[in-house]
Amino acid sequence: MSLSTDRAPQAFTFKGGMLPMTVMELVSGDPEQIRAQLASKLSQSPAFFQHTPVVLSVEKLDEPHLALERICAVCRGHKLLPVAVRGGGDPVRQSAWALGLGWFPPQENRGRSLESVPPVAAEPAAEPAETVADSAAEKAEPAHASKVYRGTVRSGQQVSAPEGDLVIIGAVNAGAEILAAGSVHIYGALRGRALAGIHGDRNASIYCKELHAELLSVAGTYKRLDDIDNRLLGANVEVVLEHDQLCIARLG
């Protein structure tokens, strides 16, 4: 008796490797300032700007509303190809994924001298029982810092609510992005990108009065404009996550 050894041909294999990569460390999140400096660099070293892949490091920036899409457009306009982002909080990470980029956590500080290591503090004395109980109760209370934004969210602009729901009383233009730890409510037309549950809240939802979204996301599950039923475009809808799929339903 012979055993068949035929196997389906493989389309790919995964291999570990280390590739040389240029890191572009940003100390400013202003796209126009970045544009001016890149133009100056291009005149000095045109050979470097030949579709070079770069990782955008935002570790030195403290800007939750980073205009990542505009920064990437500026880089591509000067023949640099952003492939990933390093650092930043959840809004930055979600923006990177929405733009089709990779994301790396901040690089750990290494090689510190012993003198730079702070001494270990003495263990504090035990608090009275009542004080400890009060502190535990305070920590147990969830923080729901919802945010209300009035006006149009314009192209290239990002508005986020990293600890609660986000309410937009106005429209979200194409090229704009809104993010929330909780649900997103838009009392106007949604033409840009809306990301709810950016910390993984699968019960978050997206509500909008007029759907034309470039991208919808709940807890990391995405749906782009091309994937949306044409019969729902322009409608007042609710977007929820069910069985790992985004479901869009009309309201009213």
# chains A, B, ... in the order shown; residues from 1 in each chain; ligands from 1
>>> residues_around(residues="segment 79-84 of chain A", least_positions_apart="4", cutoff="12 Å", atoms="only C-alpha atoms", output="ChimeraX atom specification")
/A:21-24,35,38-39,41-42,46-58,68-75,88,92-105
>>> residues_around(residues="segment 201-207 of chain A", least_positions_apart="6", cutoff="9 Å", atoms="only C-alpha atoms", output="JSON, numbers by chain")
{"A": [165, 180, 181, 182, 183, 184, 185, 186, 187, 194, 195, 216, 217, 218, 219, 220, 236, 237, 238, 239, 240, 241, 242, 244, 251]}
>>> atom_distance(atom1="atom CA of Ala171 of chain A", atom2="atom CA of Ala67 of chain A")
18.1 Å
>>> residues_around(residues="His65 of chain A", least_positions_apart="6", cutoff="8 Å", atoms="only C-alpha atoms", output="PyMOL selection string")
chain A and resi 91+157-160
>>> closest_residue(among="A:Ala196, A:Leu232, A:Val85, A:Ala174", to="Pro162 of chain A", atoms="only C-alpha atoms")
A:Ala196
>>> decode(residues="segment 232-244 of chain A", atoms="all heavy atoms", output="PDB file, in the first residue's frame")
ATOM      1  N   LEU A 232     -27.479  51.934   2.192  1.00  0.00           N
ATOM      2  CA  LEU A 232     -27.337  52.580   3.497  1.00  0.00           C
ATOM      3  C   LEU A 232     -26.652  53.940   3.417  1.00  0.00           C
ATOM      4  O   LEU A 232     -26.655  54.683   4.395  1.00  0.00           O
ATOM      5  CB  LEU A 232     -26.533  51.671   4.434  1.00  0.00           C
ATOM      6  CG  LEU A 232     -27.193  50.338   4.809  1.00  0.00           C
ATOM      7  CD1 LEU A 232     -26.209  49.458   5.554  1.00  0.00           C
ATOM      8  CD2 LEU A 232     -28.438  50.583   5.649  1.00  0.00           C
ATOM      9  N   LEU A 233     -26.098  54.254   2.257  1.00  0.00           N
ATOM     10  CA  LEU A 233     -25.400  55.526   2.116  1.00  0.00           C
ATOM     11  C   LEU A 233     -26.389  56.678   2.193  1.00  0.00           C
ATOM     12  O   LEU A 233     -27.444  56.662   1.547  1.00  0.00           O
ATOM     13  CB  LEU A 233     -24.635  55.568   0.794  1.00  0.00           C
ATOM     14  CG  LEU A 233     -23.515  54.530   0.645  1.00  0.00           C
ATOM     15  CD1 LEU A 233     -22.825  54.677  -0.703  1.00  0.00           C
ATOM     16  CD2 LEU A 233     -22.505  54.662   1.779  1.00  0.00           C
ATOM     17  N   GLY A 234     -26.052  57.670   3.006  1.00  0.00           N
ATOM     18  CA  GLY A 234     -26.922  58.819   3.211  1.00  0.00           C
ATOM     19  C   GLY A 234     -27.973  58.613   4.274  1.00  0.00           C
ATOM     20  O   GLY A 234     -28.731  59.539   4.587  1.00  0.00           O
ATOM     21  N   ALA A 235     -28.017  57.422   4.869  1.00  0.00           N
ATOM     22  CA  ALA A 235     -29.053  57.113   5.854  1.00  0.00           C
ATOM     23  C   ALA A 235     -28.597  57.414   7.274  1.00  0.00           C
ATOM     24  O   ALA A 235     -27.408  57.549   7.559  1.00  0.00           O
ATOM     25  CB  ALA A 235     -29.456  55.644   5.740  1.00  0.00           C
ATOM     26  N   ASN A 236     -29.575  57.513   8.162  1.00  0.00           N
ATOM     27  CA  ASN A 236     -29.351  57.655   9.600  1.00  0.00           C
ATOM     28  C   ASN A 236     -29.158  56.247  10.157  1.00  0.00           C
ATOM     29  O   ASN A 236     -30.082  55.428  10.099  1.00  0.00           O
ATOM     30  CB  ASN A 236     -30.562  58.338  10.232  1.00  0.00           C
ATOM     31  CG  ASN A 236     -30.414  58.503  11.732  1.00  0.00           C
ATOM     32  OD1 ASN A 236     -29.333  58.391  12.288  1.00  0.00           O
ATOM     33  ND2 ASN A 236     -31.525  58.760  12.406  1.00  0.00           N
ATOM     34  N   VAL A 237     -27.961  55.921  10.672  1.00  0.00           N
ATOM     35  CA  VAL A 237     -27.649  54.523  10.977  1.00  0.00           C
ATOM     36  C   VAL A 237     -27.013  54.345  12.353  1.00  0.00           C
ATOM     37  O   VAL A 237     -26.531  55.294  12.975  1.00  0.00           O
ATOM     38  CB  VAL A 237     -26.691  53.929   9.916  1.00  0.00           C
ATOM     39  CG1 VAL A 237     -27.298  54.010   8.528  1.00  0.00           C
ATOM     40  CG2 VAL A 237     -25.330  54.616   9.955  1.00  0.00           C
ATOM     41  N   GLU A 238     -27.001  53.091  12.761  1.00  0.00           N
ATOM     42  CA  GLU A 238     -26.283  52.623  13.945  1.00  0.00           C
ATOM     43  C   GLU A 238     -25.318  51.538  13.489  1.00  0.00           C
ATOM     44  O   GLU A 238     -25.684  50.656  12.703  1.00  0.00           O
ATOM     45  CB  GLU A 238     -27.248  52.061  14.979  1.00  0.00           C
ATOM     46  CG  GLU A 238     -26.565  51.410  16.180  1.00  0.00           C
ATOM     47  CD  GLU A 238     -27.534  50.651  17.063  1.00  0.00           C
ATOM     48  OE1 GLU A 238     -28.544  50.136  16.529  1.00  0.00           O
ATOM     49  OE2 GLU A 238     -27.287  50.578  18.274  1.00  0.00           O
ATOM     50  N   VAL A 239     -24.083  51.586  13.990  1.00  0.00           N
ATOM     51  CA  VAL A 239     -23.061  50.591  13.649  1.00  0.00           C
ATOM     52  C   VAL A 239     -22.651  49.877  14.933  1.00  0.00           C
ATOM     53  O   VAL A 239     -22.204  50.523  15.888  1.00  0.00           O
ATOM     54  CB  VAL A 239     -21.828  51.246  12.990  1.00  0.00           C
ATOM     55  CG1 VAL A 239     -20.816  50.195  12.575  1.00  0.00           C
ATOM     56  CG2 VAL A 239     -22.244  52.095  11.796  1.00  0.00           C
ATOM     57  N   VAL A 240     -22.806  48.560  14.959  1.00  0.00           N
ATOM     58  CA  VAL A 240     -22.461  47.768  16.144  1.00  0.00           C
ATOM     59  C   VAL A 240     -21.618  46.574  15.725  1.00  0.00           C
ATOM     60  O   VAL A 240     -21.578  46.194  14.546  1.00  0.00           O
ATOM     61  CB  VAL A 240     -23.728  47.288  16.894  1.00  0.00           C
ATOM     62  CG1 VAL A 240     -24.541  48.473  17.386  1.00  0.00           C
ATOM     63  CG2 VAL A 240     -24.573  46.389  15.992  1.00  0.00           C
ATOM     64  N   LEU A 241     -20.962  45.976  16.709  1.00  0.00           N
ATOM     65  CA  LEU A 241     -20.139  44.794  16.474  1.00  0.00           C
ATOM     66  C   LEU A 241     -20.896  43.566  16.964  1.00  0.00           C
ATOM     67  O   LEU A 241     -21.243  43.460  18.139  1.00  0.00           O
ATOM     68  CB  LEU A 241     -18.806  44.939  17.223  1.00  0.00           C
ATOM     69  CG  LEU A 241     -17.776  43.820  17.019  1.00  0.00           C
ATOM     70  CD1 LEU A 241     -17.369  43.724  15.551  1.00  0.00           C
ATOM     71  CD2 LEU A 241     -16.551  44.078  17.890  1.00  0.00           C
ATOM     72  N   GLU A 242     -21.161  42.640  16.036  1.00  0.00           N
ATOM     73  CA  GLU A 242     -21.850  41.396  16.370  1.00  0.00           C
ATOM     74  C   GLU A 242     -21.122  40.224  15.730  1.00  0.00           C
ATOM     75  O   GLU A 242     -20.935  40.202  14.516  1.00  0.00           O
ATOM     76  CB  GLU A 242     -23.312  41.432  15.886  1.00  0.00           C
ATOM     77  CG  GLU A 242     -24.184  42.452  16.591  1.00  0.00           C
ATOM     78  CD  GLU A 242     -25.621  42.407  16.112  1.00  0.00           C
ATOM     79  OE1 GLU A 242     -25.897  41.650  15.152  1.00  0.00           O
ATOM     80  OE2 GLU A 242     -26.458  43.131  16.667  1.00  0.00           O
ATOM     81  N   HIS A 243     -20.713  39.263  16.565  1.00  0.00           N
ATOM     82  CA  HIS A 243     -20.023  38.065  16.076  1.00  0.00           C
ATOM     83  C   HIS A 243     -18.812  38.428  15.211  1.00  0.00           C
ATOM     84  O   HIS A 243     -18.603  37.894  14.123  1.00  0.00           O
ATOM     85  CB  HIS A 243     -20.979  37.172  15.292  1.00  0.00           C
ATOM     86  CG  HIS A 243     -22.236  36.811  16.034  1.00  0.00           C
ATOM     87  ND1 HIS A 243     -22.235  36.054  17.186  1.00  0.00           N
ATOM     88  CD2 HIS A 243     -23.534  37.143  15.797  1.00  0.00           C
ATOM     89  CE1 HIS A 243     -23.471  35.905  17.620  1.00  0.00           C
ATOM     90  NE2 HIS A 243     -24.272  36.558  16.810  1.00  0.00           N
ATOM     91  N   ASP A 244     -18.045  39.404  15.710  1.00  0.00           N
ATOM     92  CA  ASP A 244     -16.800  39.840  15.063  1.00  0.00           C
ATOM     93  C   ASP A 244     -17.034  40.454  13.682  1.00  0.00           C
ATOM     94  O   ASP A 244     -16.118  40.494  12.852  1.00  0.00           O
ATOM     95  CB  ASP A 244     -15.806  38.673  14.935  1.00  0.00           C
ATOM     96  CG  ASP A 244     -15.329  38.180  16.290  1.00  0.00           C
ATOM     97  OD1 ASP A 244     -15.155  39.020  17.199  1.00  0.00           O
ATOM     98  OD2 ASP A 244     -15.131  36.960  16.442  1.00  0.00           O
TER      99      ASP A 244
END
